[in-house]
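*Asks:* Structure file protein.txt, compact mmCIF, C-alpha atoms and all ligand atoms, is pasted below:
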```txt
# COMPACT_ATOMS: atom_id res chain seq x y z
CA MET A 1 76.34 -22.12 -29.85
CA LYS A 2 73.33 -20.89 -31.85
CA ALA A 3 69.91 -20.59 -30.27
CA ALA A 4 66.54 -18.90 -30.67
CA VAL A 5 66.69 -16.09 -28.14
CA VAL A 6 63.86 -13.97 -26.72
CA SER A 7 65.15 -10.60 -25.58
CA SER A 8 61.78 -8.85 -25.42
CA PHE A 9 58.29 -10.31 -24.89
CA ASP A 10 57.05 -8.03 -27.71
CA SER A 11 59.20 -9.60 -30.44
CA PRO A 12 59.68 -13.11 -31.80
CA PRO A 13 62.87 -14.97 -30.88
CA ARG A 14 65.98 -14.30 -32.96
CA TYR A 15 68.59 -16.78 -34.14
CA GLN A 16 71.84 -15.72 -32.49
CA GLU A 17 74.84 -16.78 -30.39
CA PHE A 18 74.02 -17.87 -26.85
CA PRO A 19 76.29 -19.37 -24.17
CA ALA A 20 76.12 -23.19 -24.17
CA PRO A 21 74.57 -24.48 -20.93
CA VAL A 22 76.59 -26.56 -18.50
CA PRO A 23 75.01 -29.54 -16.71
CA ALA A 24 75.20 -29.33 -12.91
CA GLY A 25 75.78 -33.07 -12.42
CA GLY A 26 73.47 -35.65 -10.92
CA HIS A 27 70.73 -36.46 -13.42
CA GLU A 28 71.54 -33.50 -15.69
CA MET A 29 72.85 -34.21 -19.17
CA LEU A 30 73.93 -31.94 -22.03
CA VAL A 31 72.21 -33.04 -25.24
CA ASP A 32 72.52 -32.05 -28.88
CA VAL A 33 69.00 -31.02 -29.83
CA LEU A 34 67.55 -32.73 -32.93
CA ALA A 35 64.04 -31.26 -32.82
CA ALA A 36 61.92 -28.93 -30.68
CA GLY A 37 58.18 -28.35 -31.17
CA LEU A 38 56.68 -24.87 -31.61
CA HIS A 39 53.54 -25.45 -29.55
CA PRO A 40 51.04 -22.76 -28.45
CA ARG A 41 52.50 -23.25 -24.96
CA VAL A 42 55.93 -22.26 -26.33
CA ARG A 43 54.47 -19.14 -27.94
CA SER A 44 52.95 -18.11 -24.60
CA GLN A 45 56.29 -18.85 -22.90
CA ALA A 46 58.07 -16.63 -25.44
CA ASN A 47 55.63 -13.72 -25.14
CA GLY A 48 55.48 -13.92 -21.35
CA SER A 49 51.74 -14.61 -21.21
CA HIS A 50 51.79 -18.19 -19.84
CA TYR A 51 50.64 -18.54 -16.24
CA THR A 52 54.03 -20.00 -15.30
CA SER A 53 55.99 -17.02 -16.75
CA THR A 54 58.56 -15.45 -14.40
CA ASP A 55 59.29 -12.51 -16.77
CA GLU A 56 62.99 -13.41 -16.80
CA LEU A 57 64.89 -12.48 -19.97
CA PRO A 58 66.75 -13.36 -22.10
CA LEU A 59 65.26 -16.80 -22.57
CA VAL A 60 65.60 -19.62 -25.02
CA PRO A 61 62.07 -20.96 -25.59
CA GLY A 62 61.05 -24.58 -25.99
CA ILE A 63 59.49 -26.82 -23.36
CA ASP A 64 60.30 -30.21 -24.86
CA GLY A 65 62.16 -31.85 -27.69
CA VAL A 66 64.33 -34.71 -28.83
CA GLY A 67 68.09 -34.80 -28.33
CA ARG A 68 71.12 -37.04 -28.15
CA GLY A 69 73.49 -37.05 -25.17
CA PRO A 70 77.04 -38.33 -24.68
CA ASP A 71 75.66 -41.85 -24.09
CA GLY A 72 74.59 -41.83 -27.78
CA ARG A 73 70.92 -42.47 -27.00
CA LEU A 74 68.05 -40.59 -28.59
CA ARG A 75 65.74 -39.12 -25.94
CA TYR A 76 62.46 -37.26 -25.82
CA PHE A 77 62.73 -34.80 -22.94
CA ILE A 78 60.43 -32.44 -21.06
CA LEU A 79 62.22 -29.45 -19.56
CA PRO A 80 61.43 -28.00 -16.13
CA GLU A 81 60.60 -24.27 -15.91
CA THR A 82 63.82 -22.75 -17.26
CA THR A 83 65.15 -19.91 -19.38
CA MET A 84 67.39 -22.44 -21.20
CA GLY A 85 64.82 -24.12 -23.42
CA ALA A 86 64.94 -26.61 -26.27
CA MET A 87 65.28 -24.22 -29.23
CA ALA A 88 69.07 -24.29 -29.30
CA GLU A 89 71.84 -26.44 -30.65
CA GLN A 90 72.29 -27.82 -27.15
CA THR A 91 70.32 -27.87 -23.93
CA VAL A 92 70.50 -29.49 -20.52
CA ILE A 93 67.95 -32.15 -19.66
CA ASP A 94 67.12 -34.09 -16.52
CA THR A 95 67.29 -37.73 -17.60
CA ARG A 96 64.44 -38.54 -15.16
CA ARG A 97 62.22 -36.35 -17.35
CA SER A 98 63.19 -38.15 -20.54
CA VAL A 99 62.33 -41.29 -22.49
CA VAL A 100 64.82 -43.21 -24.62
CA LEU A 101 63.54 -43.56 -28.19
CA PRO A 102 64.39 -46.19 -30.79
CA ASP A 103 66.77 -44.66 -33.37
CA GLY A 104 65.23 -46.39 -36.37
CA ALA A 105 66.57 -45.94 -39.89
CA ASP A 106 66.01 -42.18 -39.81
CA PRO A 107 66.56 -40.68 -36.33
CA VAL A 108 65.75 -37.14 -37.50
CA ALA A 109 62.37 -38.31 -38.83
CA VAL A 110 61.69 -40.00 -35.46
CA ALA A 111 62.78 -36.83 -33.64
CA VAL A 112 60.54 -34.57 -35.74
CA ALA A 113 57.49 -36.83 -35.37
CA VAL A 114 57.94 -37.14 -31.61
CA ALA A 115 58.74 -33.45 -31.01
CA ALA A 116 55.62 -32.48 -32.99
CA ALA A 117 53.20 -34.91 -31.39
CA MET A 118 54.02 -35.29 -27.70
CA ASN A 119 52.71 -31.94 -26.43
CA PRO A 120 49.41 -31.87 -28.33
CA ALA A 121 48.85 -35.57 -27.64
CA MET A 122 49.72 -35.32 -23.96
CA SER A 123 46.85 -32.86 -23.42
CA SER A 124 44.12 -35.46 -23.95
CA TRP A 125 46.13 -38.54 -22.93
CA VAL A 126 46.78 -37.11 -19.46
CA ALA A 127 43.28 -35.64 -19.17
CA LEU A 128 41.64 -39.02 -19.86
CA ARG A 129 44.10 -40.94 -17.68
CA GLN A 130 44.57 -38.54 -14.78
CA ARG A 131 41.59 -36.16 -14.54
CA VAL A 132 38.68 -38.56 -14.98
CA SER A 133 38.10 -42.29 -14.49
CA PHE A 134 37.57 -42.89 -18.18
CA GLU A 135 36.14 -46.25 -19.21
CA ALA A 136 35.99 -47.93 -22.60
CA GLY A 137 32.60 -47.44 -24.18
CA GLN A 138 32.04 -43.95 -22.80
CA GLY A 139 31.21 -40.98 -25.01
CA VAL A 140 33.58 -38.06 -25.61
CA LEU A 141 33.00 -34.62 -27.07
CA VAL A 142 36.14 -32.88 -28.35
CA LEU A 143 35.36 -29.17 -28.36
CA GLY A 144 37.84 -27.51 -30.70
CA ALA A 145 38.74 -30.71 -32.55
CA THR A 146 40.28 -29.08 -35.62
CA GLY A 147 43.56 -27.98 -34.02
CA ASN A 148 46.53 -30.27 -33.60
CA ALA A 149 45.70 -31.19 -30.00
CA GLY A 150 42.03 -31.69 -30.85
CA GLN A 151 42.82 -33.96 -33.76
CA MET A 152 45.09 -36.01 -31.52
CA ALA A 153 42.41 -36.08 -28.81
CA VAL A 154 40.12 -37.83 -31.27
CA GLN A 155 42.75 -40.49 -31.96
CA ILE A 156 43.50 -40.96 -28.26
CA ALA A 157 39.84 -41.24 -27.29
CA LYS A 158 39.53 -43.98 -29.91
CA LEU A 159 42.69 -45.70 -28.66
CA PHE A 160 41.23 -45.68 -25.13
CA GLY A 161 38.05 -47.33 -26.40
CA ALA A 162 35.57 -44.45 -26.52
CA GLY A 163 32.17 -45.66 -27.71
CA GLN A 164 31.15 -42.32 -29.21
CA ILE A 165 33.50 -39.53 -30.34
CA ILE A 166 31.92 -36.22 -31.31
CA ALA A 167 34.17 -33.60 -32.87
CA ALA A 168 33.17 -29.92 -32.87
CA GLY A 169 35.24 -27.25 -34.62
CA ARG A 170 34.93 -24.32 -36.96
CA ASP A 171 37.29 -25.43 -39.75
CA LEU A 172 34.95 -27.41 -42.01
CA ARG A 173 37.65 -29.02 -44.13
CA ARG A 174 39.57 -30.30 -41.14
CA LEU A 175 36.33 -31.38 -39.47
CA ALA A 176 35.42 -33.42 -42.55
CA ALA A 177 38.72 -35.31 -42.29
CA LEU A 178 38.14 -36.43 -38.69
CA PRO A 179 35.86 -39.46 -39.26
CA ALA A 180 38.95 -41.19 -40.71
CA PHE A 181 40.47 -40.94 -37.22
CA GLY A 182 37.48 -42.50 -35.48
CA VAL A 183 35.02 -39.63 -35.05
CA THR A 184 31.41 -40.83 -35.01
CA SER A 185 29.75 -37.38 -35.52
CA THR A 186 30.94 -33.89 -36.39
CA VAL A 187 29.36 -30.56 -35.47
CA PRO A 188 30.48 -27.34 -37.18
CA LEU A 189 30.91 -24.42 -34.79
CA GLY A 190 30.19 -20.78 -35.54
CA VAL A 191 27.17 -21.36 -37.77
CA GLY A 192 23.58 -20.43 -36.94
CA ASP A 193 22.35 -23.69 -35.45
CA SER A 194 25.66 -24.87 -33.89
CA ALA A 195 24.37 -24.87 -30.33
CA ASP A 196 21.21 -26.83 -31.19
CA ARG A 197 23.15 -29.40 -33.20
CA LEU A 198 25.75 -29.75 -30.49
CA GLY A 199 23.09 -30.17 -27.83
CA GLN A 200 21.31 -32.88 -29.79
CA THR A 201 24.44 -34.73 -30.92
CA ALA A 202 26.46 -34.60 -27.71
CA ALA A 203 23.64 -34.80 -25.14
CA GLU A 204 24.73 -38.14 -23.72
CA VAL A 205 28.53 -37.87 -23.65
CA ASP A 206 30.41 -38.65 -20.44
CA VAL A 207 33.46 -36.45 -20.98
CA VAL A 208 34.16 -33.18 -22.77
CA LEU A 209 37.73 -32.37 -23.78
CA ASP A 210 37.55 -28.59 -24.14
CA TYR A 211 40.27 -26.76 -26.08
CA LEU A 212 38.21 -23.58 -26.56
CA TRP A 213 36.78 -22.22 -23.30
CA GLY A 214 35.37 -18.67 -23.67
CA GLU A 215 31.90 -18.10 -25.11
CA PRO A 216 31.82 -21.30 -27.23
CA ALA A 217 32.38 -23.43 -24.12
CA ALA A 218 29.64 -21.69 -22.11
CA THR A 219 27.19 -22.06 -25.00
CA ALA A 220 28.12 -25.70 -25.60
CA MET A 221 27.81 -26.53 -21.92
CA ILE A 222 24.24 -25.27 -21.66
CA ALA A 223 23.30 -26.93 -24.96
CA VAL A 224 24.64 -30.33 -23.87
CA LEU A 225 23.21 -30.20 -20.35
CA THR A 226 19.73 -29.07 -21.31
CA ASN A 227 19.44 -31.84 -23.91
CA ARG A 228 20.48 -34.61 -21.51
CA ALA A 229 17.82 -37.29 -21.01
CA ASP A 230 18.97 -37.91 -17.45
CA ARG A 231 20.62 -34.87 -15.93
CA SER A 232 21.87 -36.89 -12.97
CA LYS A 233 24.16 -38.82 -15.34
CA PRO A 234 27.71 -37.57 -14.57
CA LEU A 235 29.41 -35.29 -17.07
CA THR A 236 33.05 -34.35 -16.61
CA TRP A 237 34.03 -31.21 -18.51
CA ILE A 238 37.83 -31.05 -18.78
CA GLU A 239 39.18 -27.58 -19.56
CA ILE A 240 42.44 -28.04 -21.49
CA GLY A 241 42.92 -25.02 -23.76
CA SER A 242 41.52 -21.53 -24.09
CA VAL A 243 41.93 -20.54 -27.74
CA ALA A 244 38.46 -18.89 -27.72
CA GLY A 245 38.80 -17.00 -24.44
CA ALA A 246 40.48 -17.03 -21.05
CA THR A 247 37.19 -16.69 -19.19
CA ALA A 248 33.74 -18.23 -19.71
CA ALA A 249 30.43 -17.13 -18.21
CA ILE A 250 29.03 -20.36 -16.76
CA PRO A 251 25.51 -19.90 -15.34
CA SER A 252 25.23 -21.16 -11.77
CA ALA A 253 22.21 -23.22 -12.82
CA ALA A 254 24.45 -25.33 -15.05
CA LEU A 255 26.07 -26.73 -11.95
CA ARG A 256 22.78 -27.20 -10.08
CA GLN A 257 20.57 -28.60 -12.78
CA ALA A 258 22.89 -31.36 -13.93
CA ARG A 259 25.58 -33.58 -12.49
CA LEU A 260 28.35 -31.51 -13.99
CA GLN A 261 31.94 -31.53 -12.85
CA ILE A 262 34.33 -28.97 -14.35
CA VAL A 263 38.02 -29.75 -13.96
CA GLY A 264 41.17 -28.54 -15.66
CA SER A 265 44.10 -30.47 -17.01
CA GLY A 266 47.54 -28.93 -17.36
CA GLN A 267 50.72 -28.07 -15.51
CA GLY A 268 49.75 -27.77 -11.87
CA SER A 269 46.47 -29.67 -11.86
CA VAL A 270 48.53 -32.59 -13.17
CA GLY A 271 51.75 -33.05 -11.21
CA THR A 272 55.13 -33.69 -12.82
CA GLY A 273 55.12 -37.28 -11.56
CA ASP A 274 51.75 -37.92 -13.18
CA TYR A 275 52.99 -36.56 -16.53
CA LEU A 276 56.10 -38.69 -16.34
CA ALA A 277 54.00 -41.75 -15.54
CA GLU A 278 52.29 -41.37 -18.93
CA VAL A 279 55.14 -40.21 -21.12
CA HIS A 280 56.63 -43.65 -21.90
CA SER A 281 53.42 -45.20 -23.17
CA LEU A 282 52.52 -42.09 -25.15
CA ALA A 283 55.98 -41.97 -26.76
CA GLU A 284 55.56 -45.62 -27.74
CA ALA A 285 52.21 -44.84 -29.39
CA VAL A 286 53.73 -41.89 -31.28
CA VAL A 287 56.79 -43.84 -32.46
CA ALA A 288 54.52 -46.69 -33.56
CA GLY A 289 52.41 -44.21 -35.55
CA THR A 290 49.27 -45.10 -33.57
CA VAL A 291 48.66 -41.40 -32.96
CA THR A 292 49.95 -38.84 -35.46
CA VAL A 293 50.03 -35.16 -36.27
CA ASP A 294 51.22 -33.35 -39.39
CA ALA A 295 54.73 -32.07 -38.66
CA ARG A 296 56.60 -29.38 -40.60
CA ALA A 297 60.35 -29.29 -39.96
CA VAL A 298 61.94 -25.83 -40.19
CA PRO A 299 65.65 -24.99 -39.65
CA LEU A 300 66.29 -23.28 -36.31
CA ALA A 301 68.01 -20.49 -38.26
CA ASP A 302 64.55 -19.63 -39.70
CA VAL A 303 62.94 -19.26 -36.28
CA GLU A 304 61.54 -15.78 -37.01
CA ALA A 305 59.73 -17.05 -40.12
CA ALA A 306 58.54 -20.11 -38.17
CA TRP A 307 57.03 -17.82 -35.53
CA ALA A 308 54.99 -16.07 -38.20
CA ASP A 309 53.55 -19.44 -39.32
CA ALA A 310 50.55 -19.78 -37.01
CA ASP A 311 48.70 -22.23 -39.28
CA ALA A 312 47.14 -24.90 -37.07
CA LYS A 313 47.03 -27.39 -39.96
CA HIS A 314 50.46 -28.64 -38.98
CA ARG A 315 52.86 -28.45 -36.05
CA VAL A 316 56.12 -26.63 -36.74
CA VAL A 317 59.25 -28.33 -35.40
CA LEU A 318 62.57 -26.49 -35.30
CA ILE A 319 65.67 -28.46 -36.18
CA PRO A 320 69.10 -26.99 -35.27
N1 LIG A 401 46.54 -28.21 -20.86
C1 LIG A 401 47.35 -28.93 -21.63
O1 LIG A 401 47.89 -29.94 -21.20
C2 LIG A 401 47.56 -28.50 -23.05
C3 LIG A 401 48.48 -29.18 -23.87
C4 LIG A 401 48.55 -28.81 -25.23
C5 LIG A 401 47.79 -27.76 -25.71
N2 LIG A 401 46.97 -27.09 -24.84
C6 LIG A 401 46.15 -25.97 -25.31
O2 LIG A 401 45.16 -26.45 -26.20
C7 LIG A 401 44.84 -25.42 -27.14
C8 LIG A 401 44.97 -25.97 -28.55
O3 LIG A 401 46.31 -26.37 -28.76
P1 LIG A 401 46.77 -26.91 -30.19
O4 LIG A 401 48.12 -27.44 -30.04
O5 LIG A 401 45.72 -27.77 -30.79
O6 LIG A 401 46.78 -25.53 -31.02
P2 LIG A 401 46.65 -25.35 -32.60
O7 LIG A 401 47.16 -26.55 -33.30
O8 LIG A 401 47.22 -24.03 -32.88
O9 LIG A 401 45.07 -25.33 -32.87
C9 LIG A 401 44.28 -24.30 -32.40
C10 LIG A 401 42.90 -24.49 -32.99
O10 LIG A 401 41.99 -23.64 -32.31
C11 LIG A 401 41.02 -23.22 -33.24
N3 LIG A 401 40.39 -22.01 -32.78
C12 LIG A 401 40.96 -20.83 -32.48
N4 LIG A 401 40.04 -19.96 -32.04
C13 LIG A 401 38.84 -20.61 -32.10
C14 LIG A 401 37.50 -20.24 -31.81
N5 LIG A 401 37.20 -19.02 -31.35
N6 LIG A 401 36.54 -21.17 -31.98
C15 LIG A 401 36.82 -22.40 -32.45
N7 LIG A 401 38.09 -22.80 -32.76
C16 LIG A 401 39.06 -21.91 -32.58
C17 LIG A 401 41.77 -23.04 -34.53
O11 LIG A 401 40.81 -23.22 -35.52
P3 LIG A 401 40.79 -22.47 -36.92
O12 LIG A 401 41.57 -23.38 -37.81
O13 LIG A 401 39.34 -22.40 -37.23
O14 LIG A 401 41.44 -21.12 -36.71
C18 LIG A 401 42.78 -24.18 -34.47
O15 LIG A 401 42.23 -25.30 -35.11
C19 LIG A 401 45.78 -24.25 -26.82
O16 LIG A 401 45.10 -23.37 -25.95
C20 LIG A 401 46.91 -24.92 -26.09
O17 LIG A 401 47.61 -24.03 -25.25
C21 LIG A 401 46.83 -27.45 -23.55
```
Do you think you could lay out the structure here as structure tokens?
*Replies:*
Amino acid sequence: MKAAVVSSFDSPPRYQEFPAPVPAGGHEMLVDVLAAGLHPRVRSQANGSHYTSTDELPLVPGIDGVGRGPDGRLRYFILPETTMGAMAEQTVIDTRRSVVLPDGADPVAVAVAVAAAMNPAMSSWVALRQRVSFEAGQGVLVLGATGNAGQMAVQIAKLFGAGQIIAAGRDLRRLAALPAFGVTSTVPLGVGDSADRLGQTAAEVDVVLDYLWGEPAATAMIAVLTNRADRSKPLTWIEIGSVAGATAAIPSAALRQARLQIVGSGQGSVGTGDYLAEVHSLAEAVVAGTVTVDARAVPLADVEAAWADADAKHRVVLIP
């Protein structure tokens, strides 16, 4: 069969022949892949930089996707850690890590929409469900709201009843589009008075969904905390992504002078069972169009060109 194959962590995957996987029995099922998302997590899998990387090569990247098995049903699946990923004509799934999707009039369109949205959407859905006791009416700051996951975080915070949704990001055009998704205030990042504006606008939020980390997160944290009217009001800062830096210099005083709790949300801090507990309801919301992301379908044969497309304005989905 054809697959996208990583033979070196220094080069993008190449479209080439690869042995078809064989299911081991039990809950394993061979599926024909319809769509697989090219998420930042997949890029870090393919270049060996993700914290779960085992350095094993060759590998077929792809952590999730949509496929159809011998039972004829369309399924969204999340793969375990494996070198046989989703970016292939076929892959092996564990049906316990899958959700059956409605076929609809256009199954490929359903597959592309779901493969594009589930990973970026899951980041905030799981964070708000599993890493904090989020209540309707609470205020949320999305730090790094202009990427695909950030834009979906805005929609999910609204779906969960957030009373205030503040979006901060450096892409002004994308930021300007976010009020249509439920954002109540926007703050541009990377301009002279960003920290002051963020501190004033987001001073009273209850939860921060942080896709940036690095220097912008440290600056934002101090700005928000020092502007808080009542510093004993709890603030849960959920670290989800690190596009601005893997480390952040958090002053010790930040943790002493305010009721700040910093937690992470991702593979490990959220167990597999907790992800699977959320995946059905999220898939329903995506299929219903309640939460959306711009998807761009690209043939699997063009995987090398797809890898070069790092534009965060859409999510690339590879279709075999
Ligand atoms: N923990 C989880 O469960 C989980 C799940 C999904 C994703 N993530 C992580 O979340 C992050 C975002 O994912 P994504 O899918 O949204 O990626 P994406 O669609 O590629 O978006 C990345 C965004 O980050 C912005 N950005 C990059 N560097 C920045 C900086 N220094 N300051 C401000 N903005 C910056 C980009 O803005 P510009 O347009 O201005 O360049 C872009 O909008 C990644 O780190 C990803 O690995 C985590």
*Asks:* Any idea what the distance is between atom CA of A:Val110 and atom C4 of ligand LIG 401 (chain A)?
*Replies:* 20.1 Å
*Asks:* My list of candidates is A:Asp171, A:Thr247, A:Ala180, A:Arg14. Which is closest to A:Val154 when distances are computed with only C-alpha atoms?
*Replies:* A:Ala180
*Asks:* Contacts of A:Phe181 at 12 Å or less, counting all atoms listed in the file, minus same-chain residues fewer than 4 places along, as an NGL selection string?
*Replies:* :A and (145-146 or 150-159 or 165-167 or 174-177 or 185-186 or 290-293)
*Asks:* From the set A:Ala248, A:Val132, A:Leu178, A:Met1, which residue has the shortest atom-to-atom contact distance to A:Ala220, counting all atoms listed in the file?
*Replies:* A:Ala248
*Asks:* Considering all atoms listed in the file, state which residue in the set A:Val92, A:Val126, A:Ala4, A:Ala35 is at the smallest distance from A:Gly271.
*Replies:* A:Val126
*Asks:* What is the atom CA of A:Asp193-atom CA of A:Gly214 distance in Å, reported with one decimal?
*Replies:*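 That distance, rounded to one decimal, is 18.3 Å.
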*Asks:* Quick one: everything within 10 Å of A:Gly67, counting all atoms listed in the file, minus sequence neighbours fewer than 5 positions away in the same chain. Send it as a list in words.
*Replies:*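 Everything that qualifies: Leu30, Val31, Asp32, Val33, Leu34, Ala35, Ala36, Gly72, Arg73, Leu74, Arg75, Tyr76, Phe77, Ala86, Glu89, Gln90, Thr91, Val92, Ile93, Ser98, Val100, Leu101, Val108, Ala111 and Ala115 of chain A.
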*Asks:* How far is it from atom N6 of ligand LIG 401 (chain A) to atom CA of A:Val191, in Å with one decimal?
*Replies:*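 Separation of atom N6 of ligand LIG 401 (chain A) and atom CA of A:Val191: 11.0 Å.
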*Asks:* Would you name the residues within 7 Å of ligand LIG 401 (chain A), counting all atoms listed in the file, and put them as a PDB file with C-alpha atoms, keeping the file's coordinate frame?
*Replies:*
```pdb
ATOM      1  CA  HIS A  39      53.540 -25.450 -29.550  1.00  0.00           C
ATOM      2  CA  PRO A  40      51.040 -22.760 -28.450  1.00  0.00           C
ATOM      3  CA  ARG A  41      52.500 -23.250 -24.960  1.00  0.00           C
ATOM      4  CA  ASN A 119      52.710 -31.940 -26.430  1.00  0.00           C
ATOM      5  CA  PRO A 120      49.410 -31.870 -28.330  1.00  0.00           C
ATOM      6  CA  MET A 122      49.720 -35.320 -23.960  1.00  0.00           C
ATOM      7  CA  SER A 123      46.850 -32.860 -23.420  1.00  0.00           C
ATOM      8  CA  GLY A 144      37.840 -27.510 -30.700  1.00  0.00           C
ATOM      9  CA  ALA A 145      38.740 -30.710 -32.550  1.00  0.00           C
ATOM     10  CA  THR A 146      40.280 -29.080 -35.620  1.00  0.00           C
ATOM     11  CA  GLY A 147      43.560 -27.980 -34.020  1.00  0.00           C
ATOM     12  CA  ASN A 148      46.530 -30.270 -33.600  1.00  0.00           C
ATOM     13  CA  ALA A 149      45.700 -31.190 -30.000  1.00  0.00           C
ATOM     14  CA  GLY A 150      42.030 -31.690 -30.850  1.00  0.00           C
ATOM     15  CA  GLY A 169      35.240 -27.250 -34.620  1.00  0.00           C
ATOM     16  CA  ARG A 170      34.930 -24.320 -36.960  1.00  0.00           C
ATOM     17  CA  ASP A 171      37.290 -25.430 -39.750  1.00  0.00           C
ATOM     18  CA  LEU A 189      30.910 -24.420 -34.790  1.00  0.00           C
ATOM     19  CA  TYR A 211      40.270 -26.760 -26.080  1.00  0.00           C
ATOM     20  CA  LEU A 212      38.210 -23.580 -26.560  1.00  0.00           C
ATOM     21  CA  PRO A 216      31.820 -21.300 -27.230  1.00  0.00           C
ATOM     22  CA  ILE A 240      42.440 -28.040 -21.490  1.00  0.00           C
ATOM     23  CA  GLY A 241      42.920 -25.020 -23.760  1.00  0.00           C
ATOM     24  CA  SER A 242      41.520 -21.530 -24.090  1.00  0.00           C
ATOM     25  CA  VAL A 243      41.930 -20.540 -27.740  1.00  0.00           C
ATOM     26  CA  ALA A 244      38.460 -18.890 -27.720  1.00  0.00           C
ATOM     27  CA  SER A 265      44.100 -30.470 -17.010  1.00  0.00           C
ATOM     28  CA  GLY A 266      47.540 -28.930 -17.360  1.00  0.00           C
ATOM     29  CA  GLN A 267      50.720 -28.070 -15.510  1.00  0.00           C
ATOM     30  CA  ALA A 310      50.550 -19.780 -37.010  1.00  0.00           C
ATOM     31  CA  ASP A 311      48.700 -22.230 -39.280  1.00  0.00           C
ATOM     32  CA  ALA A 312      47.140 -24.900 -37.070  1.00  0.00           C
ATOM     33  CA  LYS A 313      47.030 -27.390 -39.960  1.00  0.00           C
ATOM     34  CA  HIS A 314      50.460 -28.640 -38.980  1.00  0.00           C
ATOM     35  CA  ARG A 315      52.860 -28.450 -36.050  1.00  0.00           C
TER      36      ARG A 315
END
```
*Asks:* Neighbourhood query: residues within 9 Å of (63.1, -13.5, -30.6), file coordinates, counting only C-alpha atoms; return as a list of chain:residue names.
*Replies:* A:Ala4, A:Val5, A:Val6, A:Ser7, A:Ser8, A:Phe9, A:Asp10, A:Ser11, A:Pro12, A:Pro13, A:Arg14, A:Tyr15, A:Ala46, A:Leu59, A:Val60, A:Val303, A:Glu304, A:Trp307
*Asks:* Quick one: residues within 12 Å of A:Gly273, all atoms listed in the file counted, chain neighbours fewer than 3 positions away excluded, as a list in words?
*Replies:*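 Here the qualifying residues turn out to be Ile78, Arg96, Arg97, Val126, Gln130, Gln267, Gly268, Ser269, Val270, Leu276, Ala277, Glu278 and Val279 of chain A.
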*Asks:* For A:Gln45, which of A:Thr201, A:Gly85, A:Leu235, A:Pro70 is the closest residue, counting all atoms listed in the file?
*Replies:* A:Gly85
*Asks:* Skip A:Ser252 itself and residues of its chain fewer than 5 positions away, then list as a PyMOL selection string all residues within 12 Å of it, counting all atoms listed in the file.
*Replies:* chain A and resi 218+221-222+257-258+260
*Asks:* Which neighbours of A:Arg296 fall inside 9 Å, counting only C-alpha atoms, when residues of the same chain fewer than 3 positions from it are skipped, and could you give them as a JSON list (two decimals) with C-alpha atoms, in the coordinates of the input?
*Replies:*
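To be explicit, this is the file written out as part.json:
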```
[["chain", "number", "residue", "atom", "x", "y", "z"],
["A", 112, "VAL", "CA", 60.54, -34.57, -35.74],
["A", 116, "ALA", "CA", 55.62, -32.48, -32.99],
["A", 314, "HIS", "CA", 50.46, -28.64, -38.98],
["A", 315, "ARG", "CA", 52.86, -28.45, -36.05],
["A", 316, "VAL", "CA", 56.12, -26.63, -36.74],
["A", 317, "VAL", "CA", 59.25, -28.33, -35.40],
["A", 318, "LEU", "CA", 62.57, -26.49, -35.30]]
```
